[in-house]
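Down below is the structure, laid out as structure tokens.
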Amino acid sequence: MTSFVSDKPVAQPEPVSPMIQLTGIEKRYGNFTALHRVSLDVMQGEVRVLIGPSGCGKSTLLRSINLLEHPDGGTVRVGDDSIQFGPRTKLPRAKVLERFRAGVGMVFQQFDLFPHMTALENVMSGPRFVKNTPLAQAREFALTMLAKVGMVERAGQLPSQLSGGQQQRVAIARALAMQPKVILFDEATSALDPELVQEVLSVMKALAREGATMVIVTHEMRFARDVADRVSFMDSGRIVEEGTPAEVIGHPGEERTKAFLSHFRALAAA
Ligand SMILES: Nc1ncnc2c1ncn2[C@@H]1O[C@H](COP(=O)(O)OP(=O)(O)O)[C@@H](O)[C@H]1O
Ligand SMILES: [Mg+2]
């Protein structure tokens, strides 16, 4: 009998499984389908940028990754935690959902810091109340995270005493304090005055360079080109086109992508 077993050692490829894996995610609001069986793989250390017109489902997709939305069908996996959705599947217990969410940090468009807490208290709140981290340890780590976003001198101030850009940097520190496996950004700079956008984008770029796994929804095309490993273009609840920034933003193949990007080119030329 012929043996197919070689006596030479064969280099085994490293098993690579995505850090975020969405499979067939379906989301309906009444009769309206916001997501049509969307699948998305994001590797560890990857920066994925989602672009697309208003209402195409970007926020719904992001919110499905950290279970702020419960999809009507499909599977959401982040690291080793996986949750299946569908008419015949029961939602896991609250504790399991909470643990899942703790692994997924999110930064929103509206600065959503707790208004009655200082920057430091905001950053400490997750570790303290979700993870029961001892006070001194939570405080030290929170200060380290505030330093990372250049906000340690403002640790004692309330959100109302900070600019929008500073509040967003604190919100990023708050997400990081949970040591999440991935961080999601939903138009984190859209509500900022133009002169405050860059300070937030630079913090995001620094995280990307450190190897954080990030999914970013943004309309800042130049930033998207600079920071993204891969870009996904969404339209009407579907991912229409996916590739490197040079491909999707530089040389889009789909008409809908071209039409969407033409608005930004018009702006840039104006
Ligand atoms: N809670 C909701 N109830 C009904 N429709 C919703 C709800 N949330 C989002 N939608 C609809 O789903 C679609 C996708 O919304 P969204 O994910 O917010 O889009 P994007 O973030 O790309 O602007 C939109 O048409 C929006 O009107
Ligand atoms: Mg949105």
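Identifiers for the structure tokens are assigned positionally: chains receive A, B, ... in sequence, residues are indexed from 1 per chain, and ligands are indexed from 1 in the order shown.
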*All residues having an atom within 12 Å of ligand 1 (only C-alpha atoms and all ligand atoms) as an MDAnalysis selection string*: chainID A and resid 26:36 50:64 68:71 108:109 185:187 190 216:219 233:239
*asked:* When you look at A:Gly126 with a cut-off of 9 Å (counting only C-alpha atoms), what residues show up, excluding the ones that are within fewer than 6 positions of it in the same chain? I need them as a list in words.
replied: Ala102, Asn132, Thr133, Arg174, Ala175, Ala177 and Met178 of chain A
*Which neighbours of stretch 18-21 of chain A fall inside 7 Å, counting only C-alpha atoms, when residues of the same chain fewer than 3 positions from it are skipped, and could you give them as a PyMOL selection string?*
chain A and resi 40-44+76-79
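Considering the residues A:Gln110, A:Leu162, A:Leu135, A:Glu210 and counting only C-alpha atoms and all ligand atoms, ligand 2 has its shortest atom-to-atom contact with A:Gln110.
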Show which residues sit within 12 Å of A:Ala212, as a CSV table (one decimal) with N, CA, C and O atoms, in the first residue's frame. Count only C-alpha atoms, and ignore same-chain residues fewer than 6 positions away.
chain,number,residue,atom,x,y,z
A,19,MET,N,-10.7,36.8,15.7
A,19,MET,CA,-11.1,37.3,17.0
A,19,MET,C,-12.5,37.6,17.1
A,19,MET,O,-13.2,37.3,18.1
A,42,VAL,N,-13.0,39.4,11.8
A,42,VAL,CA,-11.9,40.4,12.1
A,42,VAL,C,-10.9,39.6,12.9
A,42,VAL,O,-11.1,39.0,13.9
A,43,MET,N,-9.6,39.6,12.4
A,43,MET,CA,-8.5,38.9,13.0
A,43,MET,C,-8.0,39.6,14.2
A,43,MET,O,-8.2,40.8,14.4
A,44,GLN,N,-7.3,38.9,15.1
A,44,GLN,CA,-6.6,39.5,16.2
A,44,GLN,C,-5.7,40.6,15.8
A,44,GLN,O,-4.9,40.4,14.9
A,45,GLY,N,-5.7,41.8,16.4
A,45,GLY,CA,-4.8,42.9,16.0
A,45,GLY,C,-5.2,43.6,14.8
A,45,GLY,O,-4.6,44.6,14.3
A,46,GLU,N,-6.3,43.2,14.2
A,46,GLU,CA,-6.8,43.9,12.9
A,46,GLU,C,-7.6,45.2,13.3
A,46,GLU,O,-8.3,45.2,14.3
A,47,VAL,N,-7.4,46.2,12.4
A,47,VAL,CA,-8.3,47.3,12.5
A,47,VAL,C,-9.2,47.3,11.3
A,47,VAL,O,-8.8,47.4,10.1
A,48,ARG,N,-10.5,47.1,11.6
A,48,ARG,CA,-11.5,47.1,10.5
A,48,ARG,C,-12.3,48.3,10.5
A,48,ARG,O,-12.8,48.8,11.6
A,104,VAL,N,-16.0,43.2,25.3
A,104,VAL,CA,-16.1,44.1,24.1
A,104,VAL,C,-16.3,45.5,24.6
A,104,VAL,O,-17.4,45.9,25.1
A,105,GLY,N,-15.3,46.3,24.4
A,105,GLY,CA,-15.4,47.8,24.7
A,105,GLY,C,-16.1,48.5,23.6
A,105,GLY,O,-16.0,48.1,22.5
A,176,LEU,N,-10.9,50.9,27.8
A,176,LEU,CA,-9.7,50.1,27.9
A,176,LEU,C,-9.5,49.5,29.3
A,176,LEU,O,-8.9,48.5,29.5
A,179,GLN,N,-10.0,46.0,30.0
A,179,GLN,CA,-9.1,45.1,29.2
A,179,GLN,C,-9.9,44.3,28.3
A,179,GLN,O,-9.8,43.0,28.3
A,180,PRO,N,-10.7,44.9,27.4
A,180,PRO,CA,-11.5,44.2,26.5
A,180,PRO,C,-10.7,43.5,25.4
A,180,PRO,O,-9.5,43.8,25.1
A,181,LYS,N,-11.3,42.4,24.8
A,181,LYS,CA,-10.6,41.7,23.7
A,181,LYS,C,-10.6,42.5,22.4
A,181,LYS,O,-9.7,42.5,21.6
A,182,VAL,N,-11.7,43.3,22.3
A,182,VAL,CA,-11.9,44.1,21.1
A,182,VAL,C,-12.5,45.5,21.5
A,182,VAL,O,-13.2,45.5,22.6
A,183,ILE,N,-12.3,46.5,20.7
A,183,ILE,CA,-13.0,47.8,21.0
A,183,ILE,C,-13.7,48.3,19.7
A,183,ILE,O,-13.1,48.2,18.6
A,184,LEU,N,-14.9,48.7,19.9
A,184,LEU,CA,-15.7,49.2,18.8
A,184,LEU,C,-15.9,50.7,19.0
A,184,LEU,O,-16.1,51.2,20.1
A,203,VAL,N,-5.4,59.2,19.4
A,203,VAL,CA,-5.4,58.2,20.4
A,203,VAL,C,-5.8,56.8,19.8
A,203,VAL,O,-5.3,55.8,20.1
A,204,MET,N,-6.8,56.9,18.9
A,204,MET,CA,-7.2,55.6,18.2
A,204,MET,C,-6.1,55.0,17.4
A,204,MET,O,-5.9,53.8,17.4
A,205,LYS,N,-5.3,55.9,16.7
A,205,LYS,CA,-4.2,55.4,15.9
A,205,LYS,C,-3.2,54.7,16.8
A,205,LYS,O,-2.6,53.7,16.4
A,206,ALA,N,-2.9,55.4,18.0
A,206,ALA,CA,-1.9,54.8,18.9
A,206,ALA,C,-2.3,53.4,19.3
A,206,ALA,O,-1.5,52.5,19.4
A,227,VAL,N,-5.6,54.1,8.9
A,227,VAL,CA,-5.6,53.2,10.1
A,227,VAL,C,-6.1,51.8,9.8
A,227,VAL,O,-5.7,50.9,10.4
A,228,ALA,N,-6.9,51.7,8.7
A,228,ALA,CA,-7.5,50.4,8.5
A,228,ALA,C,-6.6,49.3,7.9
A,228,ALA,O,-5.8,49.6,7.1
A,229,ASP,N,-6.7,48.1,8.4
A,229,ASP,CA,-6.1,47.0,7.7
A,229,ASP,C,-7.1,46.6,6.6
A,229,ASP,O,-6.6,46.3,5.5
*Can you work out which one of A:Ala94, A:Pro245, A:Ala155, A:Ser125 has the shortest atom-to-atom distance to A:Ala138, counting only C-alpha atoms?*
A:Ser125
*Residues at most 12 Å from A:Ser82, counting only C-alpha atoms, excluding those fewer than 5 positions away in the same chain, as a PyMOL selection string?*
chain A and resi 19-23+65-67+74-77+91-92+96-97+99-101+103
Export, as a compact mmCIF listing (two decimals), in the first residue's frame, the selected residues with all heavy atoms.
# COMPACT_ATOMS: atom_id res chain seq x y z
N MET A 19 -10.73 36.85 15.67
CA MET A 19 -11.06 37.29 17.03
C MET A 19 -12.54 37.62 17.12
O MET A 19 -13.19 37.33 18.12
CB MET A 19 -10.22 38.53 17.36
CG MET A 19 -10.51 39.11 18.71
SD MET A 19 -10.18 37.92 20.01
CE MET A 19 -8.70 38.61 20.70
N ILE A 20 -13.07 38.23 16.05
CA ILE A 20 -14.52 38.49 15.98
C ILE A 20 -15.04 37.72 14.78
O ILE A 20 -14.49 37.83 13.68
CB ILE A 20 -14.82 39.98 15.75
CG1 ILE A 20 -14.21 40.85 16.85
CG2 ILE A 20 -16.34 40.22 15.65
CD1 ILE A 20 -14.35 42.34 16.60
N GLN A 21 -16.07 36.93 15.01
CA GLN A 21 -16.66 36.22 13.89
C GLN A 21 -18.18 36.34 13.96
O GLN A 21 -18.81 35.80 14.87
CB GLN A 21 -16.25 34.76 13.93
CG GLN A 21 -16.67 34.00 12.69
CD GLN A 21 -15.94 32.68 12.57
OE1 GLN A 21 -15.81 31.95 13.55
NE2 GLN A 21 -15.44 32.37 11.39
N LEU A 22 -18.72 37.11 13.03
CA LEU A 22 -20.18 37.21 12.92
C LEU A 22 -20.58 36.31 11.75
O LEU A 22 -19.98 36.38 10.68
CB LEU A 22 -20.61 38.64 12.61
CG LEU A 22 -20.16 39.74 13.57
CD1 LEU A 22 -20.71 41.09 13.12
CD2 LEU A 22 -20.62 39.43 14.99
N THR A 23 -21.58 35.50 11.98
CA THR A 23 -22.02 34.58 10.93
C THR A 23 -23.52 34.72 10.72
O THR A 23 -24.29 34.48 11.65
CB THR A 23 -21.68 33.12 11.32
OG1 THR A 23 -20.35 33.08 11.82
CG2 THR A 23 -21.78 32.19 10.11
N ILE A 65 -22.29 43.17 17.94
CA ILE A 65 -21.05 42.55 18.41
C ILE A 65 -20.98 42.60 19.94
O ILE A 65 -20.49 41.68 20.56
CB ILE A 65 -19.79 43.22 17.80
CG1 ILE A 65 -19.85 43.18 16.26
CG2 ILE A 65 -18.51 42.56 18.31
CD1 ILE A 65 -18.71 43.91 15.57
N ASN A 66 -21.48 43.68 20.55
CA ASN A 66 -21.43 43.68 22.02
C ASN A 66 -22.81 43.43 22.63
O ASN A 66 -23.02 43.68 23.82
CB ASN A 66 -20.76 44.94 22.56
CG ASN A 66 -21.68 46.12 22.60
OD1 ASN A 66 -22.73 46.10 21.97
ND2 ASN A 66 -21.32 47.13 23.34
N LEU A 67 -23.73 42.93 21.81
CA LEU A 67 -25.03 42.46 22.28
C LEU A 67 -25.92 43.56 22.84
O LEU A 67 -26.84 43.28 23.60
CB LEU A 67 -24.87 41.32 23.31
CG LEU A 67 -23.97 40.17 22.87
CD1 LEU A 67 -23.95 39.11 23.96
CD2 LEU A 67 -24.43 39.56 21.56
N GLY A 74 -28.32 34.12 13.56
CA GLY A 74 -26.88 34.18 13.35
C GLY A 74 -26.10 33.91 14.62
O GLY A 74 -26.68 33.68 15.68
N THR A 75 -24.79 33.95 14.48
CA THR A 75 -23.91 33.67 15.61
C THR A 75 -22.92 34.81 15.77
O THR A 75 -22.39 35.32 14.79
CB THR A 75 -23.12 32.36 15.36
OG1 THR A 75 -24.06 31.33 15.05
CG2 THR A 75 -22.32 31.94 16.58
N VAL A 76 -22.74 35.20 17.02
CA VAL A 76 -21.73 36.21 17.36
C VAL A 76 -20.67 35.52 18.19
O VAL A 76 -20.98 34.94 19.23
CB VAL A 76 -22.35 37.36 18.18
CG1 VAL A 76 -21.26 38.37 18.57
CG2 VAL A 76 -23.47 38.05 17.42
N ARG A 77 -19.44 35.54 17.71
CA ARG A 77 -18.35 34.98 18.51
C ARG A 77 -17.28 36.04 18.69
O ARG A 77 -16.89 36.72 17.73
CB ARG A 77 -17.74 33.75 17.83
CG ARG A 77 -16.67 33.08 18.71
CD ARG A 77 -16.15 31.79 18.12
NE ARG A 77 -15.42 31.98 16.89
CZ ARG A 77 -14.22 32.54 16.81
NH1 ARG A 77 -13.61 33.00 17.90
NH2 ARG A 77 -13.63 32.68 15.65
N LEU A 91 -31.75 32.84 24.92
CA LEU A 91 -30.66 33.74 25.30
C LEU A 91 -29.98 33.21 26.54
O LEU A 91 -30.63 32.68 27.44
CB LEU A 91 -31.22 35.12 25.60
CG LEU A 91 -31.24 36.14 24.48
CD1 LEU A 91 -31.63 37.50 25.04
CD2 LEU A 91 -29.87 36.24 23.81
N PRO A 92 -28.65 33.36 26.60
CA PRO A 92 -27.95 32.94 27.81
C PRO A 92 -28.38 33.78 29.02
O PRO A 92 -28.99 34.84 28.86
CB PRO A 92 -26.48 33.19 27.50
CG PRO A 92 -26.40 33.52 26.06
CD PRO A 92 -27.75 33.91 25.59
N VAL A 96 -23.94 35.55 31.92
CA VAL A 96 -23.15 35.16 30.75
C VAL A 96 -23.08 36.31 29.76
O VAL A 96 -22.01 36.63 29.22
CB VAL A 96 -23.76 33.89 30.08
CG1 VAL A 96 -23.00 33.53 28.81
CG2 VAL A 96 -23.76 32.73 31.06
N LEU A 97 -24.23 36.98 29.57
CA LEU A 97 -24.25 38.15 28.68
C LEU A 97 -23.32 39.24 29.20
O LEU A 97 -22.59 39.87 28.45
CB LEU A 97 -25.68 38.70 28.56
CG LEU A 97 -26.68 37.84 27.80
CD1 LEU A 97 -28.06 38.50 27.82
CD2 LEU A 97 -26.23 37.59 26.37
N ARG A 99 -20.67 38.89 31.06
CA ARG A 99 -19.28 38.51 30.88
C ARG A 99 -18.87 38.72 29.42
O ARG A 99 -17.78 39.20 29.12
CB ARG A 99 -19.07 37.05 31.28
CG ARG A 99 -17.64 36.75 31.65
CD ARG A 99 -17.36 35.28 31.68
NE ARG A 99 -17.60 34.69 30.36
CZ ARG A 99 -17.34 33.44 30.05
NH1 ARG A 99 -16.87 32.63 30.97
NH2 ARG A 99 -17.56 32.97 28.85
N PHE A 100 -19.78 38.36 28.52
CA PHE A 100 -19.51 38.55 27.10
C PHE A 100 -19.25 40.02 26.81
O PHE A 100 -18.27 40.40 26.17
CB PHE A 100 -20.71 38.05 26.28
CG PHE A 100 -20.46 38.04 24.80
CD1 PHE A 100 -20.14 36.86 24.15
CD2 PHE A 100 -20.55 39.21 24.06
CE1 PHE A 100 -19.90 36.84 22.78
CE2 PHE A 100 -20.31 39.21 22.70
CZ PHE A 100 -20.00 38.03 22.05
N ARG A 101 -20.16 40.88 27.31
CA ARG A 101 -20.05 42.32 27.06
C ARG A 101 -18.78 42.91 27.64
O ARG A 101 -18.22 43.84 27.08
CB ARG A 101 -21.23 43.05 27.68
CG ARG A 101 -22.44 42.97 26.84
CD ARG A 101 -23.36 44.15 27.05
NE ARG A 101 -24.60 43.86 26.39
CZ ARG A 101 -25.65 43.37 27.02
NH1 ARG A 101 -25.63 43.18 28.33
NH2 ARG A 101 -26.73 43.07 26.36
N GLY A 103 -15.98 41.78 27.58
CA GLY A 103 -14.87 41.55 26.66
C GLY A 103 -14.90 42.44 25.43
O GLY A 103 -14.01 42.38 24.59
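Excluding A:Met221 and any residue on its chain fewer than 2 positions from it, the residues at most 9 Å away by only C-alpha atoms are Ile51, Thr218, His219, Phe223, Ala224, Arg225, Asp226, Ile249, Leu261 and Phe264 of chain A.
Nearest-residue note for ligand 2: choosing from A:Gln166, A:Ala188, A:Val152, A:Asp81, the minimum distance belongs to A:Ala188, counting only C-alpha atoms and all ligand atoms.
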*Give the answer as one residue: which of A:Met117, A:Val16, A:Met124, A:Met145 has the shortest atom-to-atom distance to A:Ser160, using only C-alpha atoms?*
A:Met117
*Go through stretch 41-235 of chain A and collect every residue that DSSP, computed from the backbone, puts in alpha helix (DSSP H); the answer should be as number ranges by chain.*
A: 58-65, 94-102, 119-129, 135-148, 164-176, 194-209, 221-227
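Computed from the coordinates, the atom CA of A:Ser17 to atom CA of A:Lys95 distance equals 25.6 Å.
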Quick one: pick out all strand (DSSP E or B) residues within stretch 73-212 of chain A from a backbone DSSP run and write them as a PDB file with C-alpha atoms, in the first residue's frame.
ATOM      1  CA  GLY A  73     -30.534  35.061  13.728  1.00  0.00           C
ATOM      2  CA  GLY A  74     -26.881  34.181  13.347  1.00  0.00           C
ATOM      3  CA  THR A  75     -23.907  33.668  15.611  1.00  0.00           C
ATOM      4  CA  VAL A  76     -21.733  36.209  17.355  1.00  0.00           C
ATOM      5  CA  ARG A  77     -18.351  34.980  18.512  1.00  0.00           C
ATOM      6  CA  VAL A  78     -15.689  37.087  20.233  1.00  0.00           C
ATOM      7  CA  ASP A  81     -17.273  33.257  23.735  1.00  0.00           C
ATOM      8  CA  SER A  82     -19.964  32.466  21.238  1.00  0.00           C
ATOM      9  CA  ILE A  83     -23.699  33.177  21.315  1.00  0.00           C
ATOM     10  CA  GLN A  84     -26.209  31.868  18.847  1.00  0.00           C
ATOM     11  CA  PHE A  85     -29.410  33.724  18.010  1.00  0.00           C
ATOM     12  CA  VAL A 104     -16.130  44.074  24.126  1.00  0.00           C
ATOM     13  CA  GLY A 105     -15.410  47.761  24.735  1.00  0.00           C
ATOM     14  CA  MET A 106     -17.408  50.396  22.933  1.00  0.00           C
ATOM     15  CA  VAL A 107     -17.064  54.129  22.380  1.00  0.00           C
ATOM     16  CA  VAL A 182     -11.869  44.147  21.108  1.00  0.00           C
ATOM     17  CA  ILE A 183     -12.951  47.796  21.006  1.00  0.00           C
ATOM     18  CA  LEU A 184     -15.739  49.168  18.850  1.00  0.00           C
ATOM     19  CA  PHE A 185     -15.985  52.834  17.873  1.00  0.00           C
ATOM     20  CA  ASP A 186     -19.290  54.152  16.545  1.00  0.00           C
TER      21      ASP A 186
END
*asked:* Env of A:Glu242: 8 Å cut, atoms = only C-alpha atoms, seq-sep filter 2 positions within chain, self excluded. Answer as number ranges by chain.
replied: A: 230-233, 239-240, 244, 248
